[in-house]
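Next comes protein.pdb, with PDB, C-alpha atoms.
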```pdb
ATOM      1  CA  MET A  21     -10.497   8.646  -3.324
ATOM      2  CA  ALA A  22      -8.280   5.924  -4.603
ATOM      3  CA  LEU A  23      -6.470   2.927  -3.148
ATOM      4  CA  LEU A  24      -2.847   2.022  -3.820
ATOM      5  CA  GLU A  25      -1.414  -1.370  -2.983
ATOM      6  CA  ILE A  26       2.369  -1.207  -2.877
ATOM      7  CA  SER A  27       4.923  -3.936  -2.336
ATOM      8  CA  ILE A  28       8.590  -2.916  -2.231
ATOM      9  CA  VAL A  29      11.325  -5.547  -2.453
ATOM     10  CA  PRO A  30      14.957  -4.552  -1.994
ATOM     11  CA  ILE A  31      17.204  -6.812  -4.068
ATOM     12  CA  GLY A  32      20.741  -7.740  -3.058
ATOM     13  CA  THR A  33      20.481  -7.499   0.707
ATOM     14  CA  ASP A  34      22.508  -9.635   3.108
ATOM     15  CA  SER A  35      19.360 -11.351   4.417
ATOM     16  CA  PRO A  36      16.191 -12.830   2.941
ATOM     17  CA  SER A  37      14.195 -10.875   5.571
ATOM     18  CA  ILE A  38      12.702  -7.541   4.525
ATOM     19  CA  GLY A  39      10.924  -6.790   7.806
ATOM     20  CA  ASP A  40      13.147  -3.794   8.590
ATOM     21  CA  TYR A  41      12.242  -2.250   5.224
ATOM     22  CA  VAL A  42       8.532  -2.863   5.806
ATOM     23  CA  ALA A  43       8.803  -1.257   9.246
ATOM     24  CA  GLU A  44      10.351   1.801   7.608
ATOM     25  CA  VAL A  45       7.436   2.018   5.150
ATOM     26  CA  VAL A  46       4.990   1.985   8.072
ATOM     27  CA  LYS A  47       6.965   4.666   9.947
ATOM     28  CA  VAL A  48       6.993   6.933   6.888
ATOM     29  CA  CYS A  49       3.259   6.409   6.312
ATOM     30  CA  ASP A  50       2.635   7.376   9.952
ATOM     31  CA  GLN A  51       4.923  10.417   9.720
ATOM     32  CA  HIS A  52       3.078  11.671   6.626
ATOM     33  CA  GLY A  53      -0.384  11.020   8.023
ATOM     34  CA  LEU A  54      -1.249   8.475   5.337
ATOM     35  CA  LYS A  55      -4.226   6.225   5.966
ATOM     36  CA  TYR A  56      -3.022   2.668   5.333
ATOM     37  CA  ASN A  57      -3.493  -1.021   6.060
ATOM     38  CA  LEU A  58      -0.485  -3.277   6.355
ATOM     39  CA  THR A  59      -1.065  -6.745   4.897
ATOM     40  CA  ASP A  60       1.102  -9.846   4.650
ATOM     41  CA  MET A  61       1.883  -9.066   1.012
ATOM     42  CA  GLY A  62       2.027  -5.277   0.886
ATOM     43  CA  THR A  63       0.645  -2.011   2.155
ATOM     44  CA  ILE A  64      -2.616  -0.446   0.980
ATOM     45  CA  ILE A  65      -2.801   3.344   1.095
ATOM     46  CA  GLU A  66      -5.926   5.486   0.727
ATOM     47  CA  GLY A  67      -5.946   8.974  -0.745
ATOM     48  CA  ASP A  68      -6.548  11.101  -3.783
ATOM     49  CA  ALA A  69      -4.554  10.218  -6.907
ATOM     50  CA  ASP A  70      -1.892  12.900  -6.362
ATOM     51  CA  THR A  71      -1.331  11.766  -2.784
ATOM     52  CA  ILE A  72      -0.974   8.076  -3.560
ATOM     53  CA  PHE A  73       1.323   8.640  -6.555
ATOM     54  CA  SER A  74       3.510  10.896  -4.436
ATOM     55  CA  ALA A  75       3.515   8.313  -1.647
ATOM     56  CA  ALA A  76       4.491   5.544  -4.088
ATOM     57  CA  LYS A  77       7.538   7.481  -5.258
ATOM     58  CA  MET A  78       8.580   8.380  -1.729
ATOM     59  CA  LEU A  79       8.227   4.779  -0.483
ATOM     60  CA  HIS A  80       9.995   3.329  -3.541
ATOM     61  CA  GLU A  81      13.011   5.499  -2.718
ATOM     62  CA  LEU A  82      13.364   4.246   0.879
ATOM     63  CA  PRO A  83      15.598   1.214   0.155
ATOM     64  CA  PHE A  84      17.800   3.310  -2.154
ATOM     65  CA  ASN A  85      18.257   5.760   0.725
ATOM     66  CA  ARG A  86      19.614   2.824   2.765
ATOM     67  CA  GLY A  87      22.214   1.953   0.124
ATOM     68  CA  ILE A  88      20.341  -0.718  -1.837
ATOM     69  CA  SER A  89      21.217  -0.636  -5.540
ATOM     70  CA  ARG A  90      18.133  -2.393  -6.927
ATOM     71  CA  VAL A  91      14.492  -2.267  -5.850
ATOM     72  CA  LEU A  92      11.446  -4.031  -7.272
ATOM     73  CA  THR A  93       8.188  -2.184  -6.559
ATOM     74  CA  HIS A  94       4.791  -3.513  -7.500
ATOM     75  CA  LEU A  95       1.836  -1.086  -7.614
ATOM     76  CA  THR A  96      -1.876  -1.737  -8.002
ATOM     77  CA  ILE A  97      -4.231   1.250  -8.081
ATOM     78  CA  ASP A  98      -8.001   1.215  -7.703
ATOM     79  CA  ASP A  99      -9.190   4.690  -8.707
ATOM     80  CA  ARG A 100     -12.965   4.729  -8.827
ATOM     81  CA  ARG A 101     -14.577   7.960 -10.006
ATOM     82  CA  ASP A 102     -18.284   7.115  -9.713
ATOM     83  CA  LYS A 103     -18.270   6.856  -5.907
ATOM     84  CA  ALA A 104     -15.921   7.239  -2.970
ATOM     85  CA  ILE A 105     -13.943   4.175  -1.961
ATOM     86  CA  HIS A 106     -12.118   3.657   1.292
ATOM     87  CA  LEU A 107      -9.992   1.065   3.000
ATOM     88  CA  GLU A 108     -12.053  -1.938   4.104
ATOM     89  CA  ASP A 109     -15.027  -1.122   1.805
ATOM     90  CA  GLU A 110     -14.543  -4.112  -0.484
ATOM     91  CA  VAL A 111     -13.922  -6.521   2.391
ATOM     92  CA  LYS A 112     -17.123  -5.352   4.081
ATOM     93  CA  ALA A 113     -19.089  -5.654   0.821
ATOM     94  CA  VAL A 114     -18.001  -9.270   0.393
ATOM     95  CA  GLN A 115     -18.712 -10.080   4.039
ATOM     96  CA  ASP A 116     -22.195  -8.563   3.663
ATOM     97  CA  ARG A 117     -22.832 -10.733   0.597
ATOM     98  CA  LEU A 118     -21.719 -13.839   2.470
ATOM     99  CA  THR A 119     -24.022 -12.975   5.376
ATOM    100  CA  GLN A 120     -26.976 -12.440   3.005
ATOM    101  CA  LYS A 121     -26.413 -15.770   1.240
ATOM    102  CA  ALA A 122     -26.139 -17.621   4.556
ATOM    103  CA  ALA A 123     -29.492 -16.257   5.751
TER     104      ALA A 123
END
```
Now that the file is in, can you turn its structure into structure tokens?
Amino acid sequence: MALLEISIVPIGTDSPSIGDYVAEVVKVCDQHGLKYNLTDMGTIIEGDADTIFSAAKMLHELPFNRGISRVLTHLTIDDRRDKAIHLEDEVKAVQDRLTQKAA
């Protein structure tokens, strides 16, 4: 499994708000059965490498499909091959370390 963090910014819209575009990303993730976490700065998607690369392309295209002429997409991929990784694993690992140090 791998994790993909994606942030898609349509450029040249009539408003500084991009909430409608983010909502569309979430709808498409739901429609395609993607496991994801929405954050304040992007969306994190879990899947095998082929799935997340395919998802990145599909999501990048969404603003273009709405008539936007320029889109800035930032991708970060965590593809670990020595063990399975899943959404929330790293957060839990850090929380466990904090709990251990406090004890």
Given the file above and the PyMOL selection byres ((chain A and resi 52-62) around 12), which residues are selected, and can you give them as an MDAnalysis selection string? chainID A and resid 21:29 38:39 41:43 45:51 63:68 71:72 74:76 78:79 93:96 106:108
Can you work out which one of A:Pro36, A:Pro30, A:Lys77, A:Ala69 has the shortest atom-to-atom distance to Arg101 (chain A), counting all atoms listed in the file?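 For Arg101 (chain A), the nearest of the candidates is A:Ala69.
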Can you measure CA of Leu92 (chain A) to CA of His80 (chain A) for me? One decimal in Å is fine.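 A separation of 8.4 Å between them.
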Please measure the separation of CA of Glu44 (chain A) and CA of Ala104 (chain A), giving the value in Å to one decimal.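 Between these atoms lies a distance of 28.8 Å.
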For the file shown, what are the residues hit by the PyMOL selection byres ((chain A and resi 83-88) around 8), laid out as a PDB file with C-alpha atoms, in the coordinates of the input?
```
ATOM      1  CA  PRO A  30      14.957  -4.552  -1.994  1.00  0.00           C
ATOM      2  CA  ILE A  31      17.204  -6.812  -4.068  1.00  0.00           C
ATOM      3  CA  GLY A  32      20.741  -7.740  -3.058  1.00  0.00           C
ATOM      4  CA  THR A  33      20.481  -7.499   0.707  1.00  0.00           C
ATOM      5  CA  TYR A  41      12.242  -2.250   5.224  1.00  0.00           C
ATOM      6  CA  HIS A  80       9.995   3.329  -3.541  1.00  0.00           C
ATOM      7  CA  GLU A  81      13.011   5.499  -2.718  1.00  0.00           C
ATOM      8  CA  LEU A  82      13.364   4.246   0.879  1.00  0.00           C
ATOM      9  CA  SER A  89      21.217  -0.636  -5.540  1.00  0.00           C
ATOM     10  CA  ARG A  90      18.133  -2.393  -6.927  1.00  0.00           C
ATOM     11  CA  VAL A  91      14.492  -2.267  -5.850  1.00  0.00           C
TER      12      VAL A  91
END
```
Completed region 51-77 of chain A (N, CA and C atoms) as a PDB file, in the coordinates of the input:
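Output below, filename result33.pdb:
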```
ATOM      1  N   GLN A  51       4.365   9.064   9.676  1.00  0.00           N
ATOM      2  CA  GLN A  51       4.923  10.417   9.720  1.00  0.00           C
ATOM      3  C   GLN A  51       4.211  11.364   8.760  1.00  0.00           C
ATOM      4  N   HIS A  52       3.733  10.838   7.633  1.00  0.00           N
ATOM      5  CA  HIS A  52       3.078  11.671   6.626  1.00  0.00           C
ATOM      6  C   HIS A  52       1.555  11.655   6.746  1.00  0.00           C
ATOM      7  N   GLY A  53       1.054  11.021   7.792  1.00  0.00           N
ATOM      8  CA  GLY A  53      -0.384  11.020   8.023  1.00  0.00           C
ATOM      9  C   GLY A  53      -1.177  10.264   6.976  1.00  0.00           C
ATOM     10  N   LEU A  54      -0.557   9.265   6.356  1.00  0.00           N
ATOM     11  CA  LEU A  54      -1.249   8.475   5.337  1.00  0.00           C
ATOM     12  C   LEU A  54      -2.137   7.436   6.007  1.00  0.00           C
ATOM     13  N   LYS A  55      -3.331   7.271   5.485  1.00  0.00           N
ATOM     14  CA  LYS A  55      -4.226   6.225   5.966  1.00  0.00           C
ATOM     15  C   LYS A  55      -3.856   4.946   5.225  1.00  0.00           C
ATOM     16  N   TYR A  56      -3.523   3.885   5.968  1.00  0.00           N
ATOM     17  CA  TYR A  56      -3.022   2.668   5.333  1.00  0.00           C
ATOM     18  C   TYR A  56      -3.440   1.433   6.114  1.00  0.00           C
ATOM     19  N   ASN A  57      -3.365   0.302   5.444  1.00  0.00           N
ATOM     20  CA  ASN A  57      -3.493  -1.021   6.060  1.00  0.00           C
ATOM     21  C   ASN A  57      -2.280  -1.825   5.647  1.00  0.00           C
ATOM     22  N   LEU A  58      -1.603  -2.380   6.617  1.00  0.00           N
ATOM     23  CA  LEU A  58      -0.485  -3.277   6.355  1.00  0.00           C
ATOM     24  C   LEU A  58      -1.042  -4.684   6.188  1.00  0.00           C
ATOM     25  N   THR A  59      -0.643  -5.366   5.125  1.00  0.00           N
ATOM     26  CA  THR A  59      -1.065  -6.745   4.897  1.00  0.00           C
ATOM     27  C   THR A  59       0.178  -7.630   4.829  1.00  0.00           C
ATOM     28  N   ASP A  60      -0.031  -8.925   4.744  1.00  0.00           N
ATOM     29  CA  ASP A  60       1.102  -9.846   4.650  1.00  0.00           C
ATOM     30  C   ASP A  60       1.883  -9.696   3.345  1.00  0.00           C
ATOM     31  N   MET A  61       1.255  -9.138   2.328  1.00  0.00           N
ATOM     32  CA  MET A  61       1.883  -9.066   1.012  1.00  0.00           C
ATOM     33  C   MET A  61       2.149  -7.654   0.519  1.00  0.00           C
ATOM     34  N   GLY A  62       1.819  -6.650   1.318  1.00  0.00           N
ATOM     35  CA  GLY A  62       2.027  -5.277   0.886  1.00  0.00           C
ATOM     36  C   GLY A  62       1.329  -4.309   1.810  1.00  0.00           C
ATOM     37  N   THR A  63       1.296  -3.071   1.393  1.00  0.00           N
ATOM     38  CA  THR A  63       0.645  -2.011   2.155  1.00  0.00           C
ATOM     39  C   THR A  63      -0.368  -1.336   1.241  1.00  0.00           C
ATOM     40  N   ILE A  64      -1.571  -1.110   1.748  1.00  0.00           N
ATOM     41  CA  ILE A  64      -2.616  -0.446   0.980  1.00  0.00           C
ATOM     42  C   ILE A  64      -2.791   0.956   1.558  1.00  0.00           C
ATOM     43  N   ILE A  65      -2.717   1.950   0.687  1.00  0.00           N
ATOM     44  CA  ILE A  65      -2.801   3.344   1.095  1.00  0.00           C
ATOM     45  C   ILE A  65      -4.019   3.978   0.445  1.00  0.00           C
ATOM     46  N   GLU A  66      -4.742   4.779   1.217  1.00  0.00           N
ATOM     47  CA  GLU A  66      -5.926   5.486   0.727  1.00  0.00           C
ATOM     48  C   GLU A  66      -5.604   6.962   0.542  1.00  0.00           C
ATOM     49  N   GLY A  67      -6.109   7.542  -0.538  1.00  0.00           N
ATOM     50  CA  GLY A  67      -5.946   8.974  -0.745  1.00  0.00           C
ATOM     51  C   GLY A  67      -6.367   9.373  -2.140  1.00  0.00           C
ATOM     52  N   ASP A  68      -6.270  10.668  -2.418  1.00  0.00           N
ATOM     53  CA  ASP A  68      -6.548  11.101  -3.783  1.00  0.00           C
ATOM     54  C   ASP A  68      -5.368  10.676  -4.671  1.00  0.00           C
ATOM     55  N   ALA A  69      -5.557  10.734  -5.972  1.00  0.00           N
ATOM     56  CA  ALA A  69      -4.554  10.218  -6.907  1.00  0.00           C
ATOM     57  C   ALA A  69      -3.194  10.887  -6.710  1.00  0.00           C
ATOM     58  N   ASP A  70      -3.170  12.208  -6.555  1.00  0.00           N
ATOM     59  CA  ASP A  70      -1.892  12.900  -6.362  1.00  0.00           C
ATOM     60  C   ASP A  70      -1.173  12.409  -5.114  1.00  0.00           C
ATOM     61  N   THR A  71      -1.923  12.215  -4.046  1.00  0.00           N
ATOM     62  CA  THR A  71      -1.331  11.766  -2.784  1.00  0.00           C
ATOM     63  C   THR A  71      -0.734  10.376  -2.911  1.00  0.00           C
ATOM     64  N   ILE A  72      -1.484   9.451  -3.508  1.00  0.00           N
ATOM     65  CA  ILE A  72      -0.974   8.076  -3.560  1.00  0.00           C
ATOM     66  C   ILE A  72       0.191   7.935  -4.544  1.00  0.00           C
ATOM     67  N   PHE A  73       0.181   8.694  -5.638  1.00  0.00           N
ATOM     68  CA  PHE A  73       1.323   8.640  -6.555  1.00  0.00           C
ATOM     69  C   PHE A  73       2.569   9.216  -5.890  1.00  0.00           C
ATOM     70  N   SER A  74       2.391  10.296  -5.163  1.00  0.00           N
ATOM     71  CA  SER A  74       3.510  10.896  -4.436  1.00  0.00           C
ATOM     72  C   SER A  74       4.035   9.933  -3.371  1.00  0.00           C
ATOM     73  N   ALA A  75       3.121   9.290  -2.665  1.00  0.00           N
ATOM     74  CA  ALA A  75       3.515   8.313  -1.647  1.00  0.00           C
ATOM     75  C   ALA A  75       4.280   7.145  -2.273  1.00  0.00           C
ATOM     76  N   ALA A  76       3.818   6.664  -3.422  1.00  0.00           N
ATOM     77  CA  ALA A  76       4.491   5.544  -4.088  1.00  0.00           C
ATOM     78  C   ALA A  76       5.937   5.887  -4.411  1.00  0.00           C
ATOM     79  N   LYS A  77       6.176   7.071  -4.933  1.00  0.00           N
ATOM     80  CA  LYS A  77       7.538   7.481  -5.258  1.00  0.00           C
ATOM     81  C   LYS A  77       8.394   7.579  -4.002  1.00  0.00           C
TER      82      LYS A  77
END
```
